[in-house]
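Peer 1: Got a structure for you, model_23.txt, holding compact mmCIF, C-alpha atoms and all ligand atoms.
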# COMPACT_ATOMS: atom_id res chain seq x y z
CA MET A 118 3.28 166.21 -140.33
CA ASP A 119 -0.36 166.59 -141.34
CA ASN A 120 -0.42 169.71 -139.22
CA LEU A 121 2.07 171.56 -141.39
CA LEU A 122 0.44 174.54 -143.00
CA LEU A 123 0.73 175.22 -146.66
CA PHE A 124 -1.10 178.14 -148.14
CA PRO A 125 -1.62 177.22 -151.79
CA CYS A 126 -2.37 180.07 -154.17
CA PRO A 127 -5.92 179.79 -155.57
CA GLY A 128 -4.56 181.06 -158.91
CA CYS A 129 -1.47 178.91 -159.55
CA ASN A 130 -1.19 176.58 -156.55
CA SER A 131 2.23 177.91 -155.51
CA GLN A 132 2.77 179.12 -151.92
CA LEU A 133 1.22 182.31 -150.54
CA TYR A 134 3.36 184.42 -148.21
CA PHE A 135 2.36 187.18 -145.80
CA ASN A 136 3.27 190.52 -147.37
CA ALA A 137 4.12 193.28 -144.86
CA ALA A 138 3.37 196.08 -147.32
CA SER A 139 -0.12 194.94 -148.31
CA GLN A 140 -0.91 193.14 -145.00
CA GLN A 141 -2.28 190.28 -147.09
CA LEU A 142 -1.20 186.84 -148.28
CA GLU A 143 0.41 187.21 -151.68
CA CYS A 144 1.60 184.90 -154.44
CA GLU A 145 5.03 185.83 -155.78
CA HIS A 146 4.34 183.99 -159.01
CA CYS A 147 0.97 185.25 -160.23
CA GLY A 148 0.39 188.17 -157.86
CA THR A 149 -2.85 186.82 -156.39
CA LYS A 150 -3.75 188.49 -153.08
CA VAL A 151 -5.79 186.89 -150.34
CA ALA A 152 -7.02 189.00 -147.41
CA ILE A 153 -6.61 187.83 -143.82
CA GLU A 154 -9.59 188.35 -141.59
CA LYS A 155 -8.51 190.57 -138.71
CA ALA A 156 -10.08 190.46 -135.27
CA ALA A 157 -8.81 190.86 -131.73
CA ASP A 158 -11.53 189.12 -129.74
CA LYS A 159 -9.34 186.19 -128.68
CA ILE A 160 -6.67 188.31 -127.00
CA THR A 161 -7.70 188.06 -123.37
CA GLU A 162 -5.98 188.63 -120.04
CA ASN A 163 -5.31 185.39 -118.16
CA SER A 164 -5.00 185.05 -114.39
CA LEU A 165 -1.36 184.55 -113.45
CA LYS A 166 -2.32 182.99 -110.10
CA GLN A 167 -4.40 180.31 -111.81
CA GLN A 168 -1.64 179.54 -114.28
CA LEU A 169 1.00 179.21 -111.56
CA ALA A 170 -1.32 177.04 -109.45
CA ALA A 171 -1.83 174.77 -112.45
CA GLY A 172 1.95 174.31 -112.36
CA SER A 173 3.74 171.95 -114.75
CA ASN A 174 5.94 173.37 -117.42
CA THR A 175 5.28 170.62 -119.90
CA SER A 176 2.43 170.74 -122.34
CA GLY A 177 2.24 167.01 -122.95
CA VAL A 178 3.38 167.49 -126.54
CA THR A 179 6.94 166.22 -126.75
CA VAL A 180 9.63 167.82 -128.88
CA GLU A 181 10.88 165.45 -131.56
CA GLN A 182 12.94 165.35 -134.72
CA MET A 183 10.79 165.28 -137.81
CA VAL A 184 11.35 164.89 -141.51
CA TYR A 185 9.57 167.08 -144.03
CA LYS A 186 9.26 165.86 -147.60
CA CYS A 187 9.00 169.02 -149.68
CA THR A 188 5.78 169.30 -151.64
CA ARG A 189 7.53 171.38 -154.26
CA CYS A 190 10.82 169.59 -154.94
CA GLY A 191 10.47 166.30 -153.07
CA SER A 192 13.65 166.77 -150.99
CA GLN A 193 13.71 165.84 -147.33
CA THR A 194 14.46 168.34 -144.56
CA VAL A 195 14.94 167.45 -140.90
CA PHE A 196 13.40 169.85 -138.37
CA THR A 197 12.33 169.71 -134.73
CA SER A 198 8.64 169.89 -133.87
CA GLU A 199 9.23 173.06 -131.79
CA THR A 200 10.30 175.05 -134.87
CA PRO A 201 7.35 177.27 -135.91
CA THR A 202 8.68 177.88 -139.43
CA PHE A 203 11.41 176.28 -141.49
CA THR A 204 12.70 176.24 -145.03
CA CYS A 205 13.31 173.39 -147.47
CA GLY A 206 17.10 173.21 -147.60
CA PHE A 207 17.01 172.64 -151.37
CA CYS A 208 14.39 174.90 -152.92
CA ASN A 209 13.83 177.42 -150.05
CA PHE A 210 10.15 176.53 -149.89
CA GLU A 211 8.92 178.00 -146.60
CA VAL A 212 6.70 175.93 -144.36
CA VAL A 213 4.71 176.88 -141.26
CA ASN A 214 4.51 174.36 -138.42
CA PRO A 215 1.84 175.56 -135.95
CA VAL A 216 2.36 172.41 -133.82
CA ALA A 217 5.51 174.13 -132.48
CA TYR A 218 3.38 176.31 -130.21
CA LYS A 219 1.66 173.24 -128.80
CA THR A 220 5.02 172.03 -127.43
CA ARG A 221 4.62 174.87 -124.90
CA ILE A 222 2.05 174.97 -122.12
CA ILE A 223 0.87 178.45 -123.14
CA GLN A 224 0.05 179.33 -126.74
CA PRO A 225 0.17 182.83 -128.22
CA SER A 226 -3.18 184.60 -128.32
CA GLY A 227 -2.14 187.71 -130.21
CA ILE A 228 0.30 188.85 -132.87
CA VAL A 229 1.45 192.16 -134.34
CA PRO A 230 2.02 191.47 -138.06
CA PHE A 231 5.17 192.78 -139.76
CA ILE A 232 4.79 196.28 -141.16
CA VAL A 233 8.45 197.03 -142.02
CA GLU A 234 9.06 195.08 -145.24
CA LYS A 235 12.32 193.46 -146.26
CA GLN A 236 13.41 196.17 -148.70
CA LYS A 237 12.94 198.87 -146.06
CA ALA A 238 14.73 196.76 -143.40
CA LEU A 239 17.69 196.24 -145.75
CA GLU A 240 17.92 199.99 -146.43
CA ILE A 241 17.93 200.76 -142.70
CA PHE A 242 20.57 198.06 -142.12
CA LYS A 243 22.78 199.19 -145.00
CA HIS A 244 22.68 202.76 -143.75
CA TRP A 245 23.57 201.60 -140.22
CA THR A 246 26.59 199.51 -141.24
CA GLY A 247 27.90 202.44 -143.28
CA THR A 248 27.78 205.01 -140.48
CA GLY A 249 29.86 205.51 -137.36
CA PHE A 250 33.46 206.67 -137.42
CA TRP A 251 34.70 204.19 -134.80
CA ALA A 252 33.31 201.11 -136.52
CA PRO A 253 35.87 198.88 -138.26
CA GLY A 254 36.00 199.19 -142.04
CA ASP A 255 35.27 195.51 -142.52
CA LEU A 256 32.06 195.62 -140.44
CA LYS A 257 29.99 195.41 -143.62
CA GLU A 258 31.45 192.00 -144.40
CA PHE A 259 30.68 190.65 -140.94
CA ALA A 260 27.21 192.15 -140.63
CA ARG A 261 26.10 190.51 -143.85
CA GLN A 262 22.81 191.58 -145.29
CA ASP A 263 21.63 188.04 -145.90
CA ALA A 264 21.98 187.48 -142.15
CA LEU A 265 19.17 189.98 -141.53
CA HIS A 266 15.97 188.06 -141.02
CA GLY A 267 12.43 188.88 -140.04
CA ILE A 268 11.37 186.87 -137.02
CA TYR A 269 8.29 186.84 -134.79
CA LEU A 270 9.64 186.70 -131.25
CA PRO A 271 7.64 185.50 -128.23
CA PHE A 272 6.75 188.05 -125.53
CA TRP A 273 4.86 188.13 -122.25
CA THR A 274 2.81 191.12 -121.18
CA TYR A 275 1.77 191.52 -117.56
CA ASP A 276 -0.81 193.68 -115.81
CA ALA A 277 -0.88 194.22 -112.05
CA GLN A 278 -2.51 196.40 -109.42
CA THR A 279 0.10 197.74 -107.02
CA ASP A 280 -0.50 199.36 -103.63
CA SER A 281 2.57 200.82 -101.98
CA GLN A 282 3.39 202.47 -98.69
CA TRP A 283 6.45 204.63 -98.52
CA GLN A 284 8.38 206.55 -95.89
CA GLY A 285 11.55 208.58 -95.91
CA TYR A 286 13.00 212.03 -95.43
CA GLY A 287 12.43 214.94 -97.75
CA GLY A 288 15.25 217.45 -97.76
CA ARG A 289 14.69 221.24 -98.02
CA HIS A 290 17.74 223.30 -98.89
CA TYR A 291 18.32 226.68 -97.27
CA TRP A 292 21.20 229.12 -97.15
CA VAL A 293 23.06 230.45 -94.14
CA THR A 294 25.70 233.15 -93.92
CA GLU A 295 28.93 231.84 -92.52
CA SER A 296 31.94 233.93 -91.55
CA TYR A 297 35.49 232.78 -92.01
CA THR A 298 39.04 234.10 -92.05
CA ASP A 299 40.65 234.31 -95.50
CA SER A 300 44.32 233.71 -96.32
CA GLN A 301 45.14 237.38 -95.64
CA GLY A 302 43.75 237.04 -92.11
CA LYS A 303 40.64 239.12 -92.92
CA ARG A 304 37.17 238.20 -91.68
CA GLN A 305 34.89 237.37 -94.61
CA SER A 306 31.38 235.95 -94.98
CA ARG A 307 30.00 233.48 -97.46
CA GLN A 308 26.66 231.73 -98.28
CA VAL A 309 26.53 228.02 -97.39
CA GLN A 310 23.79 225.56 -98.36
CA ARG A 311 22.24 223.48 -95.58
CA THR A 312 19.49 220.85 -95.72
CA GLU A 313 16.59 220.45 -93.34
CA TRP A 314 15.28 216.84 -93.22
CA ILE A 315 11.56 216.27 -92.77
CA TYR A 316 10.05 212.85 -92.14
CA ARG A 317 7.38 212.05 -94.72
CA ASN A 318 5.22 209.07 -95.59
CA GLY A 319 2.30 208.19 -97.79
CA THR A 320 0.71 205.70 -100.16
CA TYR A 321 1.03 205.23 -103.90
CA ASN A 322 -1.39 203.12 -105.92
CA HIS A 323 -0.83 202.33 -109.55
CA PHE A 324 -2.22 199.91 -112.13
CA PHE A 325 0.41 198.63 -114.56
CA ASP A 326 -0.88 197.77 -118.03
CA ASP A 327 1.08 195.57 -120.45
CA VAL A 328 4.57 195.42 -118.95
CA LEU A 329 6.39 193.82 -121.87
CA ILE A 330 8.99 191.08 -121.27
CA GLY A 331 10.94 189.16 -123.92
CA GLY A 332 10.15 185.44 -123.89
CA ALA A 333 13.23 184.10 -125.71
CA THR A 334 16.72 183.94 -124.16
CA GLU A 335 18.22 184.79 -127.56
CA LEU A 336 18.21 188.47 -126.53
CA THR A 337 18.54 190.22 -123.18
CA GLN A 338 15.67 192.25 -121.71
CA ASN A 339 17.79 195.39 -122.29
CA GLU A 340 18.07 194.50 -125.98
CA TYR A 341 14.32 193.95 -126.24
CA GLU A 342 13.67 197.28 -124.52
CA SER A 343 16.02 199.07 -126.91
CA ILE A 344 13.42 198.75 -129.68
CA PHE A 345 10.36 199.47 -127.49
CA PRO A 346 7.69 200.68 -127.68
CA PHE A 347 5.47 198.41 -129.70
CA ARG A 348 1.96 199.67 -130.42
CA LEU A 349 0.12 196.87 -128.65
CA GLY A 350 -3.23 198.41 -129.55
CA GLU A 351 -2.63 196.90 -133.00
CA LEU A 352 -2.51 193.31 -131.73
CA VAL A 353 -4.72 190.92 -133.68
CA ASN A 354 -5.72 187.32 -132.97
CA PHE A 355 -2.86 184.91 -133.51
CA ASP A 356 -3.12 183.35 -136.97
CA ALA A 357 -0.41 181.11 -138.47
CA LYS A 358 -1.00 182.82 -141.85
CA TYR A 359 1.11 185.78 -140.64
CA LEU A 360 4.07 183.42 -140.23
CA SER A 361 4.07 182.28 -143.86
CA GLY A 362 7.38 183.38 -145.38
CA TRP A 363 8.80 184.59 -142.04
CA GLN A 364 10.72 183.05 -139.17
CA ALA A 365 9.24 182.55 -135.72
CA ASP A 366 10.32 181.37 -132.31
CA VAL A 367 8.71 179.68 -129.30
CA TYR A 368 9.33 180.95 -125.76
CA ASP A 369 11.95 179.46 -123.47
CA ILE A 370 11.43 181.84 -120.55
CA ALA A 371 8.56 180.44 -118.44
CA VAL A 372 5.58 182.67 -117.60
CA SER A 373 6.68 182.73 -113.92
CA ASP A 374 10.26 183.80 -114.76
CA GLY A 375 8.92 186.47 -117.10
CA TYR A 376 6.74 187.73 -114.27
CA SER A 377 9.77 188.06 -111.95
CA LYS A 378 11.35 190.35 -114.53
CA ALA A 379 8.10 192.30 -114.90
CA GLU A 380 7.87 192.77 -111.14
CA GLN A 381 11.39 194.22 -111.13
CA VAL A 382 10.36 196.68 -113.87
CA MET A 383 7.31 197.68 -111.79
CA LYS A 384 9.37 197.91 -108.59
CA ASP A 385 11.82 200.35 -110.22
CA ALA A 386 8.98 202.49 -111.58
CA ILE A 387 7.22 202.53 -108.17
CA TYR A 388 10.46 203.56 -106.42
CA ASP A 389 10.88 206.49 -108.83
CA ALA A 390 7.27 207.57 -108.32
CA CYS A 391 7.60 207.39 -104.50
CA ALA A 392 10.91 209.27 -104.67
CA ASN A 393 9.07 212.08 -106.47
CA LEU A 394 6.47 212.14 -103.68
CA CYS A 395 9.09 212.12 -100.91
CA ARG A 396 11.44 214.65 -102.49
CA ILE A 397 11.27 218.35 -101.60
CA ASP A 398 14.61 219.50 -102.99
CA THR A 399 16.09 216.07 -102.34
CA PHE A 400 15.32 212.91 -100.33
CA ARG A 401 17.00 210.14 -98.35
CA ASP A 402 16.30 206.79 -96.61
CA LEU A 403 13.31 206.05 -98.81
CA GLN A 404 11.62 202.74 -98.00
CA VAL A 405 8.84 201.34 -100.16
CA SER A 406 6.76 198.24 -99.53
CA THR A 407 4.38 197.10 -102.25
CA ASN A 408 1.52 194.68 -102.48
CA TYR A 409 1.03 193.25 -105.99
CA SER A 410 -2.41 191.87 -106.84
CA ALA A 411 -4.74 190.91 -109.71
CA GLN A 412 -1.81 189.94 -111.92
CA THR A 413 -2.70 188.83 -115.43
CA TYR A 414 -0.64 187.87 -118.46
CA LYS A 415 -0.88 187.50 -122.22
CA HIS A 416 1.41 185.59 -124.54
CA ILE A 417 1.99 187.36 -127.86
CA LEU A 418 4.30 187.41 -130.89
CA LEU A 419 5.98 190.62 -132.05
CA PRO A 420 7.87 191.33 -135.30
CA VAL A 421 11.63 191.96 -135.14
CA TRP A 422 14.27 192.23 -137.87
CA LEU A 423 17.36 190.64 -136.40
CA CYS A 424 20.99 190.26 -137.43
CA SER A 425 23.41 188.40 -135.16
CA TYR A 426 27.07 188.36 -136.08
CA PHE A 427 30.41 187.56 -134.52
CA TYR A 428 33.24 190.06 -134.68
CA LYS A 429 36.60 189.00 -133.23
CA GLY A 430 34.94 186.34 -131.07
CA LYS A 431 32.23 188.61 -129.65
CA LYS A 432 28.55 188.37 -130.52
CA TYR A 433 26.72 191.49 -131.70
CA HIS A 434 23.06 192.10 -132.44
CA PHE A 435 21.39 194.53 -134.76
CA LEU A 436 17.63 194.91 -134.27
CA ILE A 437 14.78 196.72 -136.02
CA ASN A 438 11.31 196.95 -134.53
CA GLY A 439 9.26 195.28 -137.30
CA GLN A 440 6.26 197.47 -136.51
CA THR A 441 7.78 200.94 -136.06
CA GLY A 442 11.23 200.74 -137.72
CA LYS A 443 13.07 201.81 -134.54
CA ILE A 444 16.62 200.43 -134.55
CA HIS A 445 19.18 199.26 -132.03
CA GLY A 446 22.70 198.15 -132.77
CA LYS A 447 25.95 198.04 -130.87
CA LYS A 448 28.93 198.29 -133.15
CA PRO A 449 32.35 196.88 -132.47
CA VAL A 450 34.97 199.60 -132.09
CA SER A 451 37.98 199.51 -134.38
CA THR A 452 41.14 199.25 -132.22
CA ALA A 453 43.25 200.58 -135.09
CA LYS A 454 41.11 203.73 -135.36
CA VAL A 455 41.23 204.33 -131.59
CA VAL A 456 45.05 203.92 -131.52
CA LEU A 457 45.34 206.29 -134.48
CA ALA A 458 43.14 208.87 -132.77
CA VAL A 459 45.23 208.68 -129.57
CA ILE A 460 48.48 209.13 -131.55
CA LEU A 461 46.95 212.06 -133.42
CA ALA A 462 45.86 213.69 -130.14
CA LEU A 463 49.39 213.25 -128.70
CA VAL A 464 50.93 214.85 -131.81
CA VAL A 465 48.57 217.82 -131.51
CA ILE A 466 49.39 218.25 -127.79
CA ALA A 467 53.15 218.00 -128.53
CA ALA A 468 52.78 220.61 -131.28
CA ILE A 469 50.89 223.00 -128.97
CA VAL A 470 53.54 222.61 -126.25
CA TYR A 471 56.34 223.12 -128.79
CA PHE A 472 54.81 226.25 -130.32
CA SER A 473 53.88 227.77 -126.98
CA GLN A 474 57.49 227.36 -125.80
CA GLN A 475 58.73 228.98 -129.03
CA GLY A 476 56.38 231.91 -128.47
ZN ZN B 501 -0.22 182.24 -157.71
ZN ZN B 502 11.91 171.87 -151.63
Represent the structure contained in this file as structure tokens.
Peer 2:
Amino acid sequence: MDNLLLFPCPGCNSQLYFNAASQQLECEHCGTKVAIEKAADKITENSLKQQLAAGSNTSGVTVEQMVYKCTRCGSQTVFTSETPTFTCGFCNFEVVNPVAYKTRIIQPSGIVPFIVEKQKALEIFKHWTGTGFWAPGDLKEFARQDALHGIYLPFWTYDAQTDSQWQGYGGRHYWVTESYTDSQGKRQSRQVQRTEWIYRNGTYNHFFDDVLIGGATELTQNEYESIFPFRLGELVNFDAKYLSGWQADVYDIAVSDGYSKAEQVMKDAIYDACANLCRIDTFRDLQVSTNYSAQTYKHILLPVWLCSYFYKGKKYHFLINGQTGKIHGKKPVSTAKVVLAVILALVVIAAIVYFSQQG
């Protein structure tokens, strides 16, 4: 409880929150601004091998239920120690709990602070719910604006040196003249494409830098990737001050499981690169074997505006990259509108048939 972070305003003693527009801590009451010192010297690559050898997925800090007595209104709020930020249920006072990260064996070293502010996020969201012909008319009610929240999500980034050997057949197309007998019994000739297959092999070496993998099971890797890229050059040292007034999450995908996903991403990219080397006009039977070495990882937090909502029993997500403003959202499709469109199409076809028969 003593570890909870409050950022009292030096002017009026109310709480300071991180403001995405000014990139500073700001007091909503008296307007006082306090700068955050920015550095990136603590964001270092860590050896994956060493971490995996160290084993153990517990940090020694146990997750427990805790009670917070609000410093503003005195009410009590129950929260779990693995919740990085929470709100007083009575007065909405927002509290940062940096102990949450200590319930995990690996703590974040870097963070990209929010740049897209709430007003901007709401505009983007409002525009999105209002567009799209196939979306149901009541989508706006389900995708409620107050359900859009700014959250720092946990990510893993992995580096690796890869050395691959590949072999396969490159195919070169060529044309031959073929003669045939047409339906009138006449001899004709035509051009036919053939492929000559040539055995090829070689090596492909590539260093992967910062393969980014989502660390929370709340979203799928495809959903995370839908709002990539993040500009990771703007990472700064993790500082709990950036969390003040925002939501945040701890990881629940272990560093080893994240790496398995990263290796799959690298494997796909290596296959594509080797296919380009093997291909002449086309290729077949491509085999690639890869040695992965010098793997390192970083644990970081990235800003995401997120809205989750249920529509007819199915869960949908709307996402905005909190750094770049890039959006991703799958909309439910209105069955009524689809049925109407099909009926309309049938009417048009019937009309065309009718009029063409008249003519
Ligand atoms: Zn103040
Ligand atoms: Zn309160």
Peer 1: Report as a tab-separated table: every residue of segment 189-278 of chain A with an atom at most 12 Å from segment 375-393 of chain A, its closest pair of atoms, and their distance in Å to one decimal, counting all atoms listed in the file, with rows sorted by chain and ascending residue number.
Peer 2:
residue	atom	partner	partner_atom	distance
A:Pro271	CA	A:Gly375	CA	11.2
A:Phe272	CA	A:Gly375	CA	8.8
A:Trp273	CA	A:Gly375	CA	6.8
A:Thr274	CA	A:Ala379	CA	8.3
A:Tyr275	CA	A:Ala379	CA	6.9
A:Asp276	CA	A:Ala379	CA	9.1
A:Ala277	CA	A:Met383	CA	8.9
A:Gln278	CA	A:Met383	CA	10.2
Peer 1: Please report the interatomic distance between atom CA of Val233 of chain A and atom CA of Gly439 of chain A in Å with one decimal.
Peer 2: 5.1 Å
Peer 1: If you take only C-alpha atoms and a cut-off of 9 Å, which residues of segment 149-234 of chain A touch segment 417-425 of chain A, and what are their nearest atom pairs and distances in Å to one decimal, in chain and number order, as JSON lines?
Peer 2:
{"residue": "A:Ile160", "atom": "CA", "partner": "A:Ile417", "partner_atom": "CA", "distance": 8.8}
{"residue": "A:Gln224", "atom": "CA", "partner": "A:Ile417", "partner_atom": "CA", "distance": 8.3}
{"residue": "A:Pro225", "atom": "CA", "partner": "A:Ile417", "partner_atom": "CA", "distance": 4.9}
{"residue": "A:Ser226", "atom": "CA", "partner": "A:Ile417", "partner_atom": "CA", "distance": 5.9}
{"residue": "A:Gly227", "atom": "CA", "partner": "A:Ile417", "partner_atom": "CA", "distance": 4.8}
{"residue": "A:Ile228", "atom": "CA", "partner": "A:Leu418", "partner_atom": "CA", "distance": 4.7}
{"residue": "A:Val229", "atom": "CA", "partner": "A:Leu419", "partner_atom": "CA", "distance": 5.3}
{"residue": "A:Pro230", "atom": "CA", "partner": "A:Pro420", "partner_atom": "CA", "distance": 6.5}
{"residue": "A:Phe231", "atom": "CA", "partner": "A:Pro420", "partner_atom": "CA", "distance": 5.4}
{"residue": "A:Ile232", "atom": "CA", "partner": "A:Pro420", "partner_atom": "CA", "distance": 8.3}
{"residue": "A:Val233", "atom": "CA", "partner": "A:Trp422", "partner_atom": "CA", "distance": 8.6}
Peer 1: Within 9 Å of ligand ZN 502 (chain B) (counting all atoms listed in the file), which residues show up? I'd like them as a list in words.
Peer 2: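 Counting only what the definition allows, namely all atoms listed in the file, the set is Lys186, Cys187, Thr188, Arg189, Cys190, Gly191, Ser192, Gln193, Thr194, Thr204, Cys205, Gly206, Phe207, Cys208, Asn209, Phe210 and Glu211 of chain A.
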Peer 1: Wanna dump the chain A-ligand ZN 501 (chain B) contacts at 12 Å for me, each residue with its shortest atom pair and the distance in Å to one decimal, counting only C-alpha atoms and all ligand atoms, ordered by chain and number, as a tab-separated table?
Peer 2:
residue	atom	partner	partner_atom	distance
A:Phe124	CA	B:ZN501	ZN	10.4
A:Pro125	CA	B:ZN501	ZN	7.9
A:Cys126	CA	B:ZN501	ZN	4.7
A:Pro127	CA	B:ZN501	ZN	6.6
A:Gly128	CA	B:ZN501	ZN	4.7
A:Cys129	CA	B:ZN501	ZN	4.0
A:Asn130	CA	B:ZN501	ZN	5.9
A:Ser131	CA	B:ZN501	ZN	5.4
A:Gln132	CA	B:ZN501	ZN	7.2
A:Leu133	CA	B:ZN501	ZN	7.3
A:Tyr134	CA	B:ZN501	ZN	10.4
A:Leu142	CA	B:ZN501	ZN	10.5
A:Glu143	CA	B:ZN501	ZN	7.8
A:Cys144	CA	B:ZN501	ZN	4.6
A:Glu145	CA	B:ZN501	ZN	6.6
A:His146	CA	B:ZN501	ZN	5.1
A:Cys147	CA	B:ZN501	ZN	4.1
A:Gly148	CA	B:ZN501	ZN	6.0
A:Thr149	CA	B:ZN501	ZN	5.4
A:Lys150	CA	B:ZN501	ZN	8.5
A:Val151	CA	B:ZN501	ZN	10.3
Peer 1: Go through A:Val372, A:Leu123, A:Ile437, A:Ile469 one by one, measure the shortest atom-to-atom distance of each to Ile330 of chain A using only C-alpha atoms, and give the residue with the smallest value.
Peer 2: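 The closest residue to Ile330 of chain A is A:Val372.
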Peer 1: Write out as an NGL selection string the residues lying within 9 Å of His434 of chain A, counting all atoms listed in the file and excluding same-chain residues fewer than 6 positions away.
Peer 2: :A and (336 or 340 or 423-427 or 445-448)
